[in-house]
Every structure is written in structure tokens, then in C-alpha cells.
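Written below as C-alpha cells is the structure these notes are about.
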Amino acid sequence: MAQKPEGDNVIKQGHTSRNKTIRLAKMGMLVAISIVLVYFIHFPIFPAVAFLEYDPADIPILMGTFAFGPLAGVMLTVVTAVIQGVTVSAQSGLYGIIMHIIATSVLVLVAGLIYKKNKTRKGAVIGLICGAIAMMLVMICANMVITPLFMGVPRNVVWDLMPFIAGFNLVKAGINGLVTFLLYKRISGFLHR
């Protein structure tokens, strides 16, 4: 059986290494866009919980998830949350970083896993809807456990605000999912090139 020439393997390895570098650069660009979006666009949705501000940071992360897979989406989430948490959203500190990682990781994992199995418009819609619902449900639990620890407020106070907290997470994920759905196919060519 004939072996492939050694030069072919070197070329193949170089090509693979180049592709990984390009993919990493594109992911870095998505993180940068996410942070810039948070810097310029953030506002409360419900006055009763004005500390919960809508931002479009998850849009580039969702696009990266659809392009590169759910694990890449989680990596984008962690990097974005940490950079955002020490720069443009520094006032929220460690609490904000943790909550951002939990919320967006759930969103991108669920949406990304569903889309990975069914890469169609229908798969994207189902993934984004299921991701939004999962994010809302997980954040109900996360707020009941983490918010009292970091904010020093009783659980019953958090529970009284839960309709707003759940609504906020559903609305935020819904808006970001809709924008991702409308824009993804337009930029997917660049992300996959």
C-alpha cells in the first residue's frame, strides 16, 4: 500500500492550523462586537427591576454558536462575560459575570445543540425558542440561589420580583434570538469562509 508523501501531510497540517487560526480570529471578532454592543446599547425593560438591562451581547454569541457549534458558543460566552464584567459592566462585578455565564451558556447550549442536529430555518427557530425558555427557567433557579448570596436580600424579596426577572430573561432571549435568526444567514457565509 502506497504511503502519502510527507509533503502532503505537512500541507494538510498547515491548512488545518491556518483554519483554526482563522476560526479563532473570527471568534475574537464576535467577542469584540458583543462587548461594543453592550457599551452602546443597554436599557431596562421593566422599571421594577431597572438593574436588569437589556443588551444585544448575545446576538454575536448566538451567531458564533450556529457557525462553530454549541461548545464554541459557551467559550464565546465565558470570554465575553469576563471581559465585559471587568470593563463596560464592571459595576455588576463577579455577580454579573456569573449570571451572564449561566444565562447565555444555557441559551447557546440548547439553541446550538438543536440547530446542530437540524441546520434548517425550522431548526434555528425551534432551537432559539427552546433556548429562550431554558434560559428563563434556569435563571429563575439561579436568581433564587445566587442573588441572595451576592446581594444580601432575602429569598422572598427575590421571589416577589420573579415575574419581572423571568419576563426579562424571556424578552431578552427572544429579542436576541429573533435578531440572530434574521441576520445569521446574511453573515454565515463570512463566518464559514
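If you're wondering about the labels, chains in the C-alpha cells are A, B, ... by order shown, residues count from 1 in each chain, ligands from 1 in order shown.
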
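Counting only C-alpha atoms, segment 154-170 of chain A has the following residues at most 7 Å away, ignoring those fewer than 5 positions along the same chain: Ile45, Phe46, Val49, Ala132, Ile133, Met135, Met136, Ile140, Met144 and Pro148 of chain A.
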
If you keep N, CA and C atoms, can you produce a file of those selected residues as a compact mmCIF listing (two decimals), in the first residue's frame?
# COMPACT_ATOMS: atom_id res chain seq x y z
N ILE A 45 -35.87 47.00 30.76
CA ILE A 45 -37.14 46.67 30.09
C ILE A 45 -38.30 46.93 31.04
N PHE A 46 -38.13 46.52 32.31
CA PHE A 46 -39.18 46.70 33.32
C PHE A 46 -38.66 47.64 34.41
N VAL A 49 -37.52 46.34 37.89
CA VAL A 49 -36.21 45.69 38.00
C VAL A 49 -35.24 46.40 37.05
N ALA A 132 -34.48 30.08 24.67
CA ALA A 132 -35.05 31.19 25.44
C ALA A 132 -35.82 30.68 26.65
N ILE A 133 -36.61 29.64 26.46
CA ILE A 133 -37.38 29.07 27.57
C ILE A 133 -36.45 28.46 28.62
N MET A 135 -33.34 29.29 29.20
CA MET A 135 -32.66 30.39 29.88
C MET A 135 -33.55 30.98 30.96
N MET A 136 -34.81 31.21 30.64
CA MET A 136 -35.74 31.77 31.62
C MET A 136 -35.87 30.85 32.84
N ILE A 140 -34.50 31.53 36.77
CA ILE A 140 -35.37 31.56 37.96
C ILE A 140 -34.63 30.89 39.11
N MET A 144 -32.80 32.61 42.51
CA MET A 144 -33.22 32.21 43.87
C MET A 144 -32.03 31.78 44.72
N PRO A 148 -29.56 36.12 46.41
CA PRO A 148 -29.50 36.39 47.86
C PRO A 148 -28.07 36.35 48.42

Neighbour list for segment 72-82 of chain A as a short mmCIF file (atom, residue, chain, number, x, y, z; two decimals) with C-alpha atoms, in the first residue's frame, cut-off 12 Å, only C-alpha atoms, skip fewer than 5 positions in-chain:
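out.cif, freshly written:
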data_model
loop_
_atom_site.label_atom_id
_atom_site.label_comp_id
_atom_site.auth_asym_id
_atom_site.auth_seq_id
_atom_site.Cartn_x
_atom_site.Cartn_y
_atom_site.Cartn_z
CA ARG A 23 -11.73 30.49 13.23
CA LEU A 24 -10.15 31.83 16.44
CA ALA A 25 -9.82 35.29 14.87
CA LYS A 26 -13.48 35.25 13.84
CA MET A 27 -14.50 34.19 17.34
CA GLY A 28 -12.39 37.03 18.77
CA MET A 29 -14.16 39.44 16.42
CA LEU A 30 -17.55 38.18 17.67
CA VAL A 31 -16.46 38.76 21.29
CA ALA A 32 -15.35 42.30 20.41
CA ILE A 33 -18.65 43.05 18.65
CA SER A 34 -20.56 41.70 21.64
CA ILE A 35 -18.71 43.98 24.06
CA VAL A 36 -19.12 47.04 21.81
CA LEU A 37 -22.86 46.34 21.54
CA VAL A 38 -23.18 46.25 25.35
CA ALA A 57 -24.49 40.98 23.56
CA ASP A 58 -25.91 37.50 22.96
CA ILE A 59 -26.51 38.12 19.24
CA PRO A 60 -22.86 37.69 18.13
CA ILE A 61 -22.51 34.80 20.60
CA LEU A 62 -25.55 33.04 19.10
CA MET A 63 -24.18 33.61 15.61
CA GLY A 64 -20.87 32.10 16.67
CA THR A 65 -22.77 29.17 18.18
CA PHE A 66 -24.64 28.48 14.95
CA ALA A 67 -21.44 28.81 12.91
CA THR A 87 -14.76 46.68 31.52
CA VAL A 88 -18.12 48.00 30.30
CA SER A 89 -20.21 46.30 33.03
CA ALA A 90 -17.69 46.46 35.87
CA SER A 92 -22.01 44.33 38.33
CA GLY A 93 -18.73 42.64 39.32
CA LEU A 94 -18.40 38.91 39.88
CA TYR A 95 -22.18 38.57 40.31
CA GLY A 96 -22.77 39.94 36.80
CA ILE A 97 -20.09 37.69 35.29
CA ILE A 98 -21.55 34.57 36.90
CA MET A 99 -25.13 35.38 35.94
CA HIS A 100 -24.12 36.25 32.37
CA ILE A 101 -22.22 32.98 32.00
CA ILE A 102 -25.12 30.92 33.36
CA ALA A 103 -27.85 32.66 31.32
CA THR A 104 -26.08 32.82 27.98
CA SER A 105 -24.47 29.38 28.30
CA VAL A 106 -27.89 27.78 28.74
CA LEU A 107 -29.25 29.76 25.78
CA VAL A 108 -26.41 28.85 23.42
CA LEU A 109 -26.14 25.22 24.52
CA VAL A 110 -29.82 24.48 23.97
CA ALA A 111 -30.15 26.53 20.77
CA GLY A 112 -26.81 25.27 19.45
CA LEU A 113 -27.46 21.58 20.12
CA LYS A 116 -26.51 21.34 15.12
#

DSSP says strand (DSSP E) for which residues of segment 13-88 of chain A? Put them as a list in words?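 Checking each residue of segment 13-88 of chain A, the strand (DSSP E) ones are Phe43, Pro44, Glu53 and Tyr54 of chain A.
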
Please produce a file of those selected residues containing N, CA and C atoms, as an mmCIF file, in the first residue's frame.
data_model
loop_
_atom_site.group_PDB
_atom_site.id
_atom_site.type_symbol
_atom_site.label_atom_id
_atom_site.label_comp_id
_atom_site.auth_asym_id
_atom_site.auth_seq_id
_atom_site.Cartn_x
_atom_site.Cartn_y
_atom_site.Cartn_z
ATOM 1 N N PHE A 43 -30.445 49.043 28.291
ATOM 2 C CA PHE A 43 -31.520 49.801 28.920
ATOM 3 C C PHE A 43 -32.461 48.831 29.645
ATOM 4 N N PRO A 44 -33.111 49.305 30.702
ATOM 5 C CA PRO A 44 -34.039 48.431 31.424
ATOM 6 C C PRO A 44 -35.310 48.189 30.617
ATOM 7 N N GLU A 53 -30.813 45.079 32.732
ATOM 8 C CA GLU A 53 -30.833 45.849 31.498
ATOM 9 C C GLU A 53 -30.714 44.938 30.278
ATOM 10 N N TYR A 54 -31.562 45.215 29.293
ATOM 11 C CA TYR A 54 -31.444 44.513 28.017
ATOM 12 C C TYR A 54 -30.162 44.956 27.338
#

Between atom CA of Phe51 of chain A and atom CA of Thr180 of chain A, what is the distance in Å, rounded to a tenth?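 A separation of 24.5 Å between them.
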
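For the residues A:Phe68, A:Ser17, A:Ile83, A:Gly127, ranking by smallest atom-to-atom distance to Arg193 of chain A using only C-alpha atoms places A:Phe68 first.
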